[in-house]
Structures are given as structure tokens and as C-alpha cells.
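Q: Handing you this structure, nothing more for now.
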Amino acid sequence: MADQKESFEAKDFGWMVAMSLLFFVLVAVGFWLEYSTDWGTYQRTFPGLLGHYGKVEEARNFRAGIRQIWIPQMGVTDRCVTCHLGYEWASVLPATIAEPLKPHPMNDWLAKHEFARFGCTPCHGGDGAATSVIGAHQGGRGWEDPMLSRALAARNGLTMNEMIQMRCNFCHRHDVATPGMEQINLAKQLFKKKKCLVCHVVEGRGGATGAELTYEGDRNPELLNFAHVRGERTMFNWNVQHLTQASVVSPGTQMPDFNFKPDESRALTLLLLSWRRLPYPPEYIPDPEVAAAAMQPSPTPTATPTPAATPPPH
Amino acid sequence: MDGDRRKVLRLIGKGSVLAAFLAQIGAAGRAFFPNVLYEPPSRFKIKRPDDYPDGYTLDAAHRLYVVRQKDAFHVISAVCTHLGCNVQWSDTEFDCPCHGSRFRPDGTVISGPAPRPLEWFATSVSPDGFLEVDSGTEVARGFRLIAGKGNA
Amino acid sequence: MADKLKALWRKTFWAWSPESERESSEAIVRNFWLHWFPAKVARASMDWNYSFWLGTASAALLLILTVTGVMLMFFYVPSTERAYGSIKDLEYAVSFGRLLRNQHRWAAEGMVAVVYIHMARVFFTGAYRGTRAINWVVGVVLFLSTLFLSFTGYLLPWDQLAFWAITVGTSIAKQAPLVGPTVQFILLGGHEIGQQTLLRFYVLHVFFLPVFVWVLFGYHMWRVRKDGGLAAIERVRDARTMIPKTTPASKSYSLFGITPGTSVQVMSSTGLEESDQVFSSPNMSRRIALVFLVVFNITLLAALLFNAPLEGLANPSVTPNPAKAPWYFVWLQELVASTTVRIGGFTVSGALLGGILLPGFLLGVLTLWPWLDRSPLRTQGRWLAPERKRQNVTFAVATLLIIVLIMVGVYLRGPYWRIYWPGQARPETPRLY
């Protein structure tokens, strides 16, 4: 009996010890991965930054951890601020700080679109639920709505601010023109001038010769014919070329070649892609008259505001 | 005599327990066949005929294509007859992304594993002027509904 | 106090070296964890090269899946509105949530593979003869349950990958003759995948199927003991007892009448000699612990290295191109995509032929194989016995074909299910911007 026991023990003992050690090492690696996150690094440097600019009290009270802006009525869970920690510190931190700690510029738009009511992704896009750099900015596989970064905008021949105007129009869809949304404003003018509604239905109005455009932004890019499209296979690119020379992109179409200038067709594309089915509640949809009034050039800056310029009560 | 009665009673007892159990199992099983469905009804209205342009228009919500040729309408299912993926119209044919079935514009199979042509749904104009599709009723290929003012 | 704790520790975990054989065998009976095992086990059964301990590995995976699965249940919401979000939370906001989900995912896919390889081992060693035939059938049912468990779990993340894999899978069920549409209807709880489907798959996945598998697994183990242990001992027994021996009068068991006939044959191990056997504790229990450790390590390593897939939110109006079934069903998808037969105007659906009839035939043959195998009994418990060469080759070729089909489906199929060779450029999927 003794020999048998010896033999099995001799065979298995070493392996047993090795596997136990490996188990421990793997669990340790699991812990290490869990605590060596992208955001952990930024959160460790941020209190020092606050302290450097005189906010010693706030630096001391800084608590590490995932942060989120949760706006259930908009369906928004934005964890962007887990890394973009300086976002609300524009009054203290200089704009020269590198991302992701850089403060969000405090401009007029932001004054009207508070972080707590709007979050981040409604304007910038991306996957708000993600807490990794790639996951948040690009989204995972099959995520169709990446963050509208400078690089992405540049690929489409636009600046980031111009690209974001598409998302502004999610809510500002019914404004005739909106301050600060030059691209969309131009597109809305062109849409009227070229009488698109003669052939296309938008929100129940228009002719039925062409496809309905009410939810054009929701179209599946895979349903488009890219055979005659130059460059990237994107819905943006398809629309830019289709708007300019429809006869080339869709041979046999009844749509005329409008031969828009590049910036015009890009602006129109932004407008078309902004038309999506969205779950935003009425409190987020602005009154078009407010924008119309704001667009009026006021004769003198000190003139008494006209009644129309005051926002109507909600 | 006494033994016989016992036998009968035992049989009745066993039988009723068995029957009750089977009935309970049956009742539990029956519950898995829903009596109401939270699904769109098989007969539904879509838009007015004149809201559709010439050619093939996808109605993604109802998974069908509305086809208009001047005043003639018909409705083809967008659900592949093979395994239920959505077919895509590519100006000349329907393609299925799942197993590569290809269909002619009238829904008949060009190639691929699809066993049957795409279904044509019975279509009519409702009294209030909308196209009404009955996805529970198939019609023959060649079916045409004349509607619309022919402004296309 | 310390002594009492020590005694409790010993009672619970059995951590001492037995002084005598009597003590050793009694320990097995007295300890709850060890009483599952026989007092002694044949040395031949302990051999790494005979069984590769694949059944034990499957049990380890089942344990991992149960523990991680129960953990996941605390975070998952089986609602079409919140399921996807709760998986996103597991990925990004729950501490160790990603690791948990990864381990569950890879253990599940590993279990499908390991259970199949275990079955292949039993086939190649002809270890399903005599009373072991029942356990072969139980094993086939366990394999099917594993597949169905994996399949029901596939829908739960409620992403595009899940939604369309289940669309394809349940549409195959619909093609079954007569009962197909009804089966699909009660599986989905309607005509299309929706809230009812998600809830049904969830309950099947977290309660009904796991309980079924655990109970059946218990029976599978019990049968192994009642059949006398692994078939490897038959080889030893043949060597020991040259004269044919009548089975001794056996104990009579009747477990809810599950077993056919009047009794279960309890194979006596009288053919084995003292030197053929070792005490199962600590020899076998230690080795089981070792296999469990190895399996834990492999799934953990996979979970650390690879992330479980998660695509965009399920969208019934957009089919991803291409839409693929889970890899273990991709071979069926290959068959389904290429077996449509047209004779004149008459068409047999590929789904019926490739999705139902052919796999049904394979499954039937597999289940009944112990009764189809006519090779001499002495082949049992032997790897690749020459007398069974034809059947072993058949099994190997069938397995190889399935693997090739899976490889083609997983690696070569691109948009519109066309073949793209490695290195050949695939058309880029159109993006939004």
C-alpha cells in the first residue's frame, strides 16, 4: 500500500503545487487588471492638479471611483466624467491642460445646456456606459454611433463643432435657424431653396416621388448602394456624393444633379443624418420662436428686449 | 367481496390521482401557449398610397417592402423564407445576409438555400384611404392593387 | 477550543493521513464530500492516458458555470429594455463584472467542447457496452442539454449577435415536420422574438436546464459506480480472470423505476486483485482536485486574455451581415445554407434537410450506437481496438467534417455568406460617418 500511495503522490504532488500557485497568480493578475484601469491613472493625478491651482480643500475631498451623470428621462448614463474630471472646472483650470483632465470650455451654449440636464453623449456621441478609452470613444463591435472626435470630423471634411451641430439638431429640428448652428442653418436654407419637399416627405409634408426623409438618419448604411461612391463606405460620404450628383451614385434616379459646393452638400448631409427617431421628452425640445428671436440682429445691444425674445414659460 | 371492493376503490384512487396529476401537468403546459400576443396584428394599415414613391420602399417596422409602379401597388415580405433574416433590396435584387439567398424583384429565388419565394401580402385600400396589409394572407405573384392619383 | 476547531476542520475537509486500510475506507463513508466515491478505485481508471479525466473536467466547468452564473443573476435584468444595459454595467461598472462574465462565457463554450471530447473518448475506447449503454444514452442527453443551455444563454445579452443567432436557431426548429411551428411558438412565446422569448430563455437558462443537468449528472456518476467503474477495468479483469465468470447475484435497485429491467447489475470487482486497486482517498480525490484546479486556471486565463463579445443593442429591423449562429451550431448553419435540394418544381428546404433531418439522423445513430456495435466484448476499455477500426474511423471522419464546417463558417464566411479566403479582402461594412 505504501508504494502505491507514494507513486500517485509523487506523480501528482508537484503538479498540485504548481497549479495552486498558478491559480493564485491568475487571481492576482485579475485583481491587478481590475485596479489598473485607464481612469485610475487620471484620477490619481487630478487632486494634485486641483491643489496646484489653489483648490486644496477640493483636492483633499476628492474620492476615487467611477462617476456617472444619469438622466433617466433622456436614457443617458454617461460615465465620461470618470476620466474627464476637469469638465466643470473651467473657472479654475486653464484650457491648456491636456485631455482628459482639460475643462470643458464655458461658452454660451454650455450655459444653456447644463451638464446635469444634458450629460455628454447627447452632444458628443459615443458609448456613455463605457469606462475604457476605446469603449467610450469608438464603442464596441457593431456600435454605430462613435464619439464625434476632431479626427472623425476631419475625415468628413468638417471641424468637430460643425459635426456636433448635427446632434444639436436632434432637439433643434424645428428651429428655422439657431444661433451657433451655421452648418444646419445653411442646410435648412438650401433645403427650402431647392424645394426638396416637392419630391420628399418630411414629417407628413411633401411629395412622394422620392423616399421619405423624416427618419433619414436612422437608415441602415448597409442598405445603401456604394458601387458608385468614391472614397469611404460611409453613409455620410454616400449622402455627400448623392446630393451633389445623384445620377452618378444612383443611376436611373429621378433626382436631379444639384451640383452643390462641397461645403453645401456636407451641411445638407448633417441635416439629413440629424433626422432620427429620438426618445427625448418635450421639456428638451426648444420653442422655435426663441431661436428665431435670437437670430434677429438687435439694432443696439442696449435696446429693450422685444417680448418675443423672452423665453416663453415652460 | 370485501377484497373486491378494496380493489375497485384502490383502482379509483390510483386512477384519480393519476388523472389529476396529468391534468395539472397539462394545465401547466397550456399556460405556455399565450392567448394574447404583444405583437403587431397581422392586418395593419400603413401609409396612404400616394405617400410612397415609385420603386421599392422598405417598411422596417413591419419588415416588408412596398412596391409602386405608377398606380400599381404590391407588398412583398422582407423576411427571408429560409430562416427569417431581413432581406436587403439592392436596386436589382433582394439579398439575404444570413445564408446568401438571392431573390428576383418579384421575390422568386435566384439562388441560395431559400425554399420558397418571398411572400406577397394581400393589400387593399382601407375605407379611410390607407394601404392595408394582411401579412396573414398570401396572394399570387402578379397581384396588383391600383390606387393613388398617379402623380408619380 | 482549538482542538474542537481542528476536529471540525478534519470532519469537513478530511485532512489527515490514514493509519490503516480500515481507517482509510471508513473515512470515505464518514465524510460527506467523499462518500460519493467508492472506497477503492482501480489503478487503470486513474490513468491519465486512458480517460484524460475529461468527465471530471466537464464537472469542473459545470461547477464554475453554476457559481459564476448565480453571481451574474444578481446583476442581470431579463427585460428587453434593461438586459443590454445590465450587461454593459457588468462590463464597465461592476467590480470584477467583466472577469465574471468572461469566465462564464468561456467556461460555457469550453464545456460544449469538453463534453463532446469526453463523448469521443468514450466512443474510441468502446466504453459503452453492457450495462454502460444506459450511461451512454444519459451522456448523450447531457451533451444535448449542454448545447441547449449554451443556446438559451446566448440570447440573454440582448445584442445584435444574440438576437439574430436566436432568430436563425429558432427558425430551424420551425422547419421540423408537423410540430415545428408549435415548437417555435412556445419557445418564443409568440411569433417573433420579444420580451416573452427573453423571459422564457432566461428561466430555462438559470433554473430549468441547470437543475436538469445537475440531477442527470448525479445519475451519470451513480451509474458509473453501479457499472463497476470506468470500462478500463474490464481490460484488467479480462487479464485476471481467464475463465468466463457468471455475474454474481446482484443487489436489486429500483430508483423510481428509472432503470429498465428488474435490477441494476452491480458488477463485482472480484476479478481485480489487491494490487490493481488503490484507495480512492486520497489518490483519486487529490487527482480530482488537481483536474478542477487545472480547469479553473484555464478558464481564468481565457477570461483574463479575451473579452466575451458584445455588439450593439438588438434591432429587429437590421440583420447584421453576415449573421452567424454560435460556433457549435455554425456547422448546422453551413448545412442549412447549402443543402436546399430542388427537383423540378419541388423544393426541400435546407433548414429541414440540414437543420433537422441530418442532425436528427446523426443524433439517433449516436444514441443507439451501443446496440449497433457488434464488435467482440473484449474491445471495451481499449483505445482504438483494431476490431472497431471501421467505426472509429467513421466517428473520426464525421467529427472532422463537423470541425471543417465550423472552421469554414467561423473563419471563411463573410458578407452575404460568401467565402473569403484568408488574406482576401472583405468588403468593408458601411459605417455611419
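Residue numbering restarts at 1 in every chain; chains get A, B, ... in the order shown in the C-alpha cells, and ligands count up from 1 in that same order.
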Please find the residues of chain A near chain C - the criterion being any atom within 8 Å, counting only C-alpha atoms - and write them as an MDAnalysis selection string.
A: chainID A and resid 1 4:5 8:9 12 15:16 19:20 22:23 26:27 29:30 34 66 129:132 140:145 152 156 220:222 233:237
Q: Just N, CA and C atoms for this one: save the residues we selected as a tab-separated table (two decimals), in the first residue's frame.
A:
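Output (selection-v2.tsv):
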chain	number	residue	atom	x	y	z
A	1	MET	N	0.83	-1.20	0.00
A	1	MET	CA	0.00	0.00	0.00
A	1	MET	C	0.86	1.25	0.00
A	4	GLN	N	2.16	2.25	-3.46
A	4	GLN	CA	1.13	2.82	-4.35
A	4	GLN	C	0.89	4.28	-4.02
A	5	LYS	N	0.69	4.50	-2.72
A	5	LYS	CA	0.40	5.86	-2.28
A	5	LYS	C	1.54	6.77	-2.71
A	8	PHE	N	1.41	7.56	-6.57
A	8	PHE	CA	0.45	8.57	-7.02
A	8	PHE	C	0.77	9.94	-6.44
A	9	GLU	N	1.21	9.90	-5.16
A	9	GLU	CA	1.52	11.17	-4.54
A	9	GLU	C	2.70	11.82	-5.25
A	12	ASP	N	1.48	13.34	-8.58
A	12	ASP	CA	0.54	14.45	-8.58
A	12	ASP	C	0.97	15.63	-7.73
A	15	TRP	N	2.52	18.73	-9.47
A	15	TRP	CA	1.51	19.40	-10.30
A	15	TRP	C	0.52	20.18	-9.45
A	16	MET	N	0.13	19.55	-8.35
A	16	MET	CA	-0.83	20.15	-7.43
A	16	MET	C	-0.30	21.49	-6.94
A	19	MET	N	-0.15	24.05	-9.89
A	19	MET	CA	-1.46	24.55	-10.30
A	19	MET	C	-2.04	25.50	-9.23
A	20	SER	N	-1.79	25.17	-7.96
A	20	SER	CA	-2.28	26.05	-6.89
A	20	SER	C	-1.60	27.41	-7.00
A	22	LEU	N	-0.27	28.72	-9.69
A	22	LEU	CA	-0.76	29.39	-10.90
A	22	LEU	C	-2.13	30.01	-10.65
A	23	PHE	N	-2.98	29.27	-9.93
A	23	PHE	CA	-4.30	29.78	-9.59
A	23	PHE	C	-4.17	31.11	-8.84
A	26	LEU	N	-3.00	33.85	-11.19
A	26	LEU	CA	-4.03	34.32	-12.12
A	26	LEU	C	-5.04	35.22	-11.41
A	27	VAL	N	-5.44	34.83	-10.19
A	27	VAL	CA	-6.37	35.68	-9.44
A	27	VAL	C	-5.71	37.03	-9.15
A	29	VAL	N	-3.47	38.46	-10.98
A	29	VAL	CA	-3.50	39.22	-12.23
A	29	VAL	C	-4.89	39.84	-12.44
A	30	GLY	N	-5.93	39.06	-12.10
A	30	GLY	CA	-7.30	39.57	-12.20
A	30	GLY	C	-7.47	40.84	-11.37
A	34	GLU	N	-8.12	44.64	-12.68
A	34	GLU	CA	-9.30	45.36	-12.20
A	34	GLU	C	-8.91	46.75	-11.68
A	66	ILE	N	-15.76	55.31	-10.08
A	66	ILE	CA	-16.49	55.59	-11.32
A	66	ILE	C	-17.56	56.64	-11.03
A	129	ALA	N	-21.87	54.47	-21.43
A	129	ALA	CA	-21.79	53.47	-20.37
A	129	ALA	C	-20.37	52.96	-20.18
A	130	ALA	N	-19.51	53.15	-21.18
A	130	ALA	CA	-18.18	52.54	-21.15
A	130	ALA	C	-17.25	53.31	-20.24
A	131	THR	N	-16.32	52.59	-19.63
A	131	THR	CA	-15.31	53.24	-18.79
A	131	THR	C	-13.90	52.94	-19.28
A	132	SER	N	-13.76	52.53	-20.54
A	132	SER	CA	-12.44	52.39	-21.13
A	132	SER	C	-12.34	53.38	-22.27
A	140	GLY	N	-18.00	49.41	-28.84
A	140	GLY	CA	-17.53	48.08	-29.19
A	140	GLY	C	-17.87	47.75	-30.63
A	141	ARG	N	-17.70	46.46	-30.98
A	141	ARG	CA	-18.04	46.00	-32.32
A	141	ARG	C	-19.54	46.19	-32.56
A	142	GLY	N	-19.89	46.73	-33.71
A	142	GLY	CA	-21.30	46.91	-34.01
A	142	GLY	C	-21.91	48.16	-33.37
A	143	TRP	N	-21.10	48.96	-32.70
A	143	TRP	CA	-21.60	50.22	-32.14
A	143	TRP	C	-21.57	51.26	-33.26
A	144	GLU	N	-22.71	51.80	-33.63
A	144	GLU	CA	-22.76	52.60	-34.86
A	144	GLU	C	-22.54	54.08	-34.63
A	145	ASP	N	-22.58	54.51	-33.38
A	145	ASP	CA	-22.62	55.94	-33.12
A	145	ASP	C	-21.38	56.39	-32.35
A	152	LEU	N	-12.48	62.29	-36.45
A	152	LEU	CA	-13.62	61.79	-37.23
A	152	LEU	C	-14.20	62.90	-38.08
A	156	ASN	N	-14.35	63.63	-42.44
A	156	ASN	CA	-15.51	64.00	-43.22
A	156	ASN	C	-15.45	65.45	-43.70
A	220	ASN	N	-30.23	52.26	-42.42
A	220	ASN	CA	-29.13	51.32	-42.23
A	220	ASN	C	-28.11	51.54	-43.33
A	221	PRO	N	-26.86	51.90	-43.00
A	221	PRO	CA	-25.86	52.14	-44.05
A	221	PRO	C	-25.70	50.95	-45.00
A	222	GLU	N	-25.99	49.75	-44.51
A	222	GLU	CA	-25.81	48.57	-45.36
A	222	GLU	C	-26.82	48.51	-46.49
A	233	ARG	N	-16.66	54.05	-47.43
A	233	ARG	CA	-18.02	53.49	-47.44
A	233	ARG	C	-18.73	53.92	-46.17
A	234	THR	N	-19.11	55.20	-46.14
A	234	THR	CA	-19.88	55.69	-45.00
A	234	THR	C	-21.17	56.32	-45.52
A	235	MET	N	-22.18	56.30	-44.64
A	235	MET	CA	-23.45	56.91	-45.01
A	235	MET	C	-23.25	58.40	-45.26
A	236	PHE	N	-22.34	59.00	-44.49
A	236	PHE	CA	-22.04	60.42	-44.67
A	236	PHE	C	-21.54	60.67	-46.09
A	237	ASN	N	-20.55	59.90	-46.48
A	237	ASN	CA	-19.95	60.06	-47.80
A	237	ASN	C	-20.97	59.79	-48.91
Q: For chain C, report every residue with an atom at most 10 Å from chain B (counting only C-alpha atoms), formatted as a PyMOL selection string.
A: chain C and resi 164-165+167-175+182+185-196+200+316-325+333-342+346-352+413-418
Q: Write out as an MDAnalysis selection string the residues lying within 9 Å of Gly69 of chain C, counting only C-alpha atoms and excluding same-chain residues fewer than 6 positions away.
A: chainID C and resid 100:101 104 206
Q: Please return, as a list in words, all residues of chain A lying within 10 Å of chain B when only C-alpha atoms are considered.
A: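 That gives the following set of residues: Cys199, His200, Val201, Gly204, Arg205, Gly206, Gly207, Ala208, Thr209, Gly210, Ala211, Glu212, Arg219, Asn220, Glu222, Leu223, Leu224, Asn225, Ser250, Pro251 and Gln254 of chain A.
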Q: Go ahead and save the residues from that selection, with N, CA and C atoms, as a PDB file, in the first residue's frame.
A:
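Listed below is the output, out-v2.pdb:
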ATOM      1  N   CYS A 199     -40.485  66.634 -53.816  1.00  0.00           N
ATOM      2  CA  CYS A 199     -40.405  65.195 -54.073  1.00  0.00           C
ATOM      3  C   CYS A 199     -40.353  64.346 -52.816  1.00  0.00           C
ATOM      4  N   HIS A 200     -39.925  64.912 -51.697  1.00  0.00           N
ATOM      5  CA  HIS A 200     -39.707  64.104 -50.495  1.00  0.00           C
ATOM      6  C   HIS A 200     -40.678  64.489 -49.385  1.00  0.00           C
ATOM      7  N   VAL A 201     -41.157  63.476 -48.665  1.00  0.00           N
ATOM      8  CA  VAL A 201     -41.991  63.727 -47.490  1.00  0.00           C
ATOM      9  C   VAL A 201     -41.091  63.879 -46.272  1.00  0.00           C
ATOM     10  N   GLY A 204     -44.691  64.285 -42.749  1.00  0.00           N
ATOM     11  CA  GLY A 204     -46.053  64.344 -43.276  1.00  0.00           C
ATOM     12  C   GLY A 204     -46.273  65.359 -44.365  1.00  0.00           C
ATOM     13  N   ARG A 205     -45.278  66.188 -44.689  1.00  0.00           N
ATOM     14  CA  ARG A 205     -45.464  67.159 -45.755  1.00  0.00           C
ATOM     15  C   ARG A 205     -44.533  66.817 -46.910  1.00  0.00           C
ATOM     16  N   GLY A 206     -45.020  67.057 -48.133  1.00  0.00           N
ATOM     17  CA  GLY A 206     -44.141  66.883 -49.281  1.00  0.00           C
ATOM     18  C   GLY A 206     -44.673  65.860 -50.271  1.00  0.00           C
ATOM     19  N   GLY A 207     -44.018  65.769 -51.416  1.00  0.00           N
ATOM     20  CA  GLY A 207     -44.437  64.857 -52.473  1.00  0.00           C
ATOM     21  C   GLY A 207     -43.780  63.498 -52.310  1.00  0.00           C
ATOM     22  N   ALA A 208     -44.383  62.507 -52.971  1.00  0.00           N
ATOM     23  CA  ALA A 208     -43.947  61.127 -52.744  1.00  0.00           C
ATOM     24  C   ALA A 208     -43.096  60.582 -53.880  1.00  0.00           C
ATOM     25  N   THR A 209     -42.490  61.454 -54.693  1.00  0.00           N
ATOM     26  CA  THR A 209     -41.674  60.932 -55.785  1.00  0.00           C
ATOM     27  C   THR A 209     -40.417  60.248 -55.245  1.00  0.00           C
ATOM     28  N   GLY A 210     -39.818  60.884 -54.269  1.00  0.00           N
ATOM     29  CA  GLY A 210     -38.609  60.316 -53.683  1.00  0.00           C
ATOM     30  C   GLY A 210     -38.922  59.625 -52.362  1.00  0.00           C
ATOM     31  N   ALA A 211     -37.869  59.130 -51.722  1.00  0.00           N
ATOM     32  CA  ALA A 211     -38.059  58.428 -50.449  1.00  0.00           C
ATOM     33  C   ALA A 211     -38.416  59.412 -49.342  1.00  0.00           C
ATOM     34  N   GLU A 212     -39.156  58.917 -48.349  1.00  0.00           N
ATOM     35  CA  GLU A 212     -39.456  59.756 -47.205  1.00  0.00           C
ATOM     36  C   GLU A 212     -38.173  60.018 -46.414  1.00  0.00           C
ATOM     37  N   ARG A 219     -31.488  55.379 -41.221  1.00  0.00           N
ATOM     38  CA  ARG A 219     -31.335  54.365 -42.268  1.00  0.00           C
ATOM     39  C   ARG A 219     -30.119  53.498 -42.008  1.00  0.00           C
ATOM     40  N   ASN A 220     -30.233  52.259 -42.415  1.00  0.00           N
ATOM     41  CA  ASN A 220     -29.134  51.323 -42.225  1.00  0.00           C
ATOM     42  C   ASN A 220     -28.108  51.535 -43.335  1.00  0.00           C
ATOM     43  N   GLU A 222     -25.994  49.749 -44.507  1.00  0.00           N
ATOM     44  CA  GLU A 222     -25.810  48.571 -45.364  1.00  0.00           C
ATOM     45  C   GLU A 222     -26.817  48.505 -46.494  1.00  0.00           C
ATOM     46  N   LEU A 223     -27.905  49.260 -46.370  1.00  0.00           N
ATOM     47  CA  LEU A 223     -28.912  49.230 -47.433  1.00  0.00           C
ATOM     48  C   LEU A 223     -28.569  50.173 -48.571  1.00  0.00           C
ATOM     49  N   LEU A 224     -27.496  50.944 -48.417  1.00  0.00           N
ATOM     50  CA  LEU A 224     -27.134  51.893 -49.474  1.00  0.00           C
ATOM     51  C   LEU A 224     -26.260  51.200 -50.512  1.00  0.00           C
ATOM     52  N   ASN A 225     -26.369  51.684 -51.735  1.00  0.00           N
ATOM     53  CA  ASN A 225     -25.558  51.133 -52.819  1.00  0.00           C
ATOM     54  C   ASN A 225     -24.264  51.940 -52.940  1.00  0.00           C
ATOM     55  N   SER A 250     -26.742  56.942 -57.905  1.00  0.00           N
ATOM     56  CA  SER A 250     -27.891  56.056 -58.120  1.00  0.00           C
ATOM     57  C   SER A 250     -28.355  56.173 -59.559  1.00  0.00           C
ATOM     58  N   PRO A 251     -27.718  55.440 -60.467  1.00  0.00           N
ATOM     59  CA  PRO A 251     -28.091  55.561 -61.884  1.00  0.00           C
ATOM     60  C   PRO A 251     -29.582  55.294 -62.074  1.00  0.00           C
ATOM     61  N   GLN A 254     -34.617  59.644 -60.344  1.00  0.00           N
ATOM     62  CA  GLN A 254     -35.291  60.838 -60.859  1.00  0.00           C
ATOM     63  C   GLN A 254     -34.746  62.109 -60.224  1.00  0.00           C
TER      64      GLN A 254
END
Q: Between atom CA of Gln183 of chain A and atom CA of Ala267 of chain A, what is the spacing in Å?
A: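 Taking atom CA of Ala267 of chain A as the start and atom CA of Gln183 of chain A as the end point, the length is 5.1 Å.
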Q: Do you have the atom CA of Val176 of chain A-atom CA of Gln189 of chain A distance handy?
A: 8.4 Å
Q: Which residue, C:Pro326, C:Gly180, C:Gly218, C:Gly228, has the smallest gap to Leu155 of chain C when you use only C-alpha atoms?
A: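 Smallest distance to Leu155 of chain C is found for C:Pro326.
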Q: Tell me, which residues of segment 68-209 of chain A carry DSSP alpha helix (DSSP H), written as a PyMOL selection string?
A: chain A and resi 108-112+115-118+121-124+133-137+150-155+160-171+182-193
Q: For a quick check of understanding, using only C-alpha atoms, which of A:Phe258, A:Phe226, A:Trp32, A:Phe170 has the smallest distance to Lys193 of chain A?
A: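 Closest to Lys193 of chain A, using only C-alpha atoms: A:Phe258.
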Q: Quick one: DSSP strand (DSSP E or B) residues in chain B, as a VMD selection string?
A: chain B and resid 43 to 45 55 to 59 64 to 69 72 to 77 79 86 88 to 89 94 to 95 102 to 103 109 to 111 120 to 125 131 to 138 145 to 146
Q: Would you output that residue set with C-alpha atoms, as an mmCIF file, in the first residue's frame?
A:
data_model
loop_
_atom_site.group_PDB
_atom_site.id
_atom_site.type_symbol
_atom_site.label_atom_id
_atom_site.label_comp_id
_atom_site.auth_asym_id
_atom_site.auth_seq_id
_atom_site.Cartn_x
_atom_site.Cartn_y
_atom_site.Cartn_z
ATOM 1 C CA ARG B 43 -53.676 43.010 -40.529
ATOM 2 C CA PHE B 44 -52.482 46.571 -40.266
ATOM 3 C CA LYS B 45 -52.616 49.912 -42.040
ATOM 4 C CA GLY B 55 -39.980 51.670 -56.722
ATOM 5 C CA TYR B 56 -39.181 49.670 -53.599
ATOM 6 C CA THR B 57 -39.730 51.264 -50.196
ATOM 7 C CA LEU B 58 -38.697 49.422 -47.045
ATOM 8 C CA ASP B 59 -41.037 49.494 -44.062
ATOM 9 C CA LEU B 64 -41.886 44.468 -45.737
ATOM 10 C CA TYR B 65 -41.276 46.293 -48.994
ATOM 11 C CA VAL B 66 -43.980 48.424 -50.598
ATOM 12 C CA VAL B 67 -43.546 48.336 -54.363
ATOM 13 C CA ARG B 68 -45.082 51.029 -56.500
ATOM 14 C CA GLN B 69 -45.127 51.145 -60.283
ATOM 15 C CA ALA B 72 -49.996 49.750 -59.225
ATOM 16 C CA PHE B 73 -49.019 48.602 -55.761
ATOM 17 C CA HIS B 74 -47.974 45.361 -54.208
ATOM 18 C CA VAL B 75 -46.345 44.433 -50.918
ATOM 19 C CA ILE B 76 -43.503 41.889 -50.606
ATOM 20 C CA SER B 77 -42.329 40.472 -47.298
ATOM 21 C CA VAL B 79 -38.436 38.201 -44.266
ATOM 22 C CA ASN B 86 -34.321 40.562 -43.269
ATOM 23 C CA GLN B 88 -31.995 43.824 -48.460
ATOM 24 C CA TRP B 89 -33.088 45.444 -51.716
ATOM 25 C CA PHE B 94 -33.059 41.078 -52.832
ATOM 26 C CA ASP B 95 -30.090 39.673 -50.912
ATOM 27 C CA ARG B 102 -30.886 35.933 -53.680
ATOM 28 C CA PHE B 103 -34.312 36.839 -54.997
ATOM 29 C CA VAL B 109 -35.456 32.671 -55.816
ATOM 30 C CA ILE B 110 -32.378 33.202 -57.995
ATOM 31 C CA SER B 111 -30.005 31.155 -55.864
ATOM 32 C CA TRP B 120 -46.644 38.641 -51.356
ATOM 33 C CA PHE B 121 -49.110 40.030 -48.844
ATOM 34 C CA ALA B 122 -52.770 40.745 -49.567
ATOM 35 C CA THR B 123 -53.108 44.502 -49.829
ATOM 36 C CA SER B 124 -56.155 46.711 -50.049
ATOM 37 C CA VAL B 125 -57.114 50.328 -49.572
ATOM 38 C CA LEU B 131 -52.930 50.912 -47.692
ATOM 39 C CA GLU B 132 -53.921 47.945 -45.558
ATOM 40 C CA VAL B 133 -51.682 44.895 -45.475
ATOM 41 C CA ASP B 134 -52.731 41.456 -44.303
ATOM 42 C CA SER B 135 -49.500 39.616 -43.571
ATOM 43 C CA GLY B 136 -51.506 36.514 -42.708
ATOM 44 C CA THR B 137 -52.820 36.163 -46.265
ATOM 45 C CA GLU B 138 -50.591 35.451 -49.216
ATOM 46 C CA LEU B 145 -53.562 46.993 -56.370
ATOM 47 C CA ILE B 146 -54.488 50.039 -58.412
#
Q: Closest to Leu158 of chain A among A:Met295, A:Leu270, A:Leu50, A:Ile134, using only C-alpha atoms?
A: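 Of A:Met295, A:Leu270, A:Leu50, A:Ile134, the one nearest Leu158 of chain A, counting only C-alpha atoms, is A:Leu270.
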Q: Which residue, A:Asn185, A:Gln245, A:Asn239, A:Thr82, has the smallest gap to Gly128 of chain A when you use only C-alpha atoms?
A: A:Thr82
Q: B:Val17, B:Arg48, B:Ala27, B:Arg144: which is nearest Pro127 of chain B, counting only C-alpha atoms?
A: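 That would be B:Arg48, the residue with the smallest distance to Pro127 of chain B.
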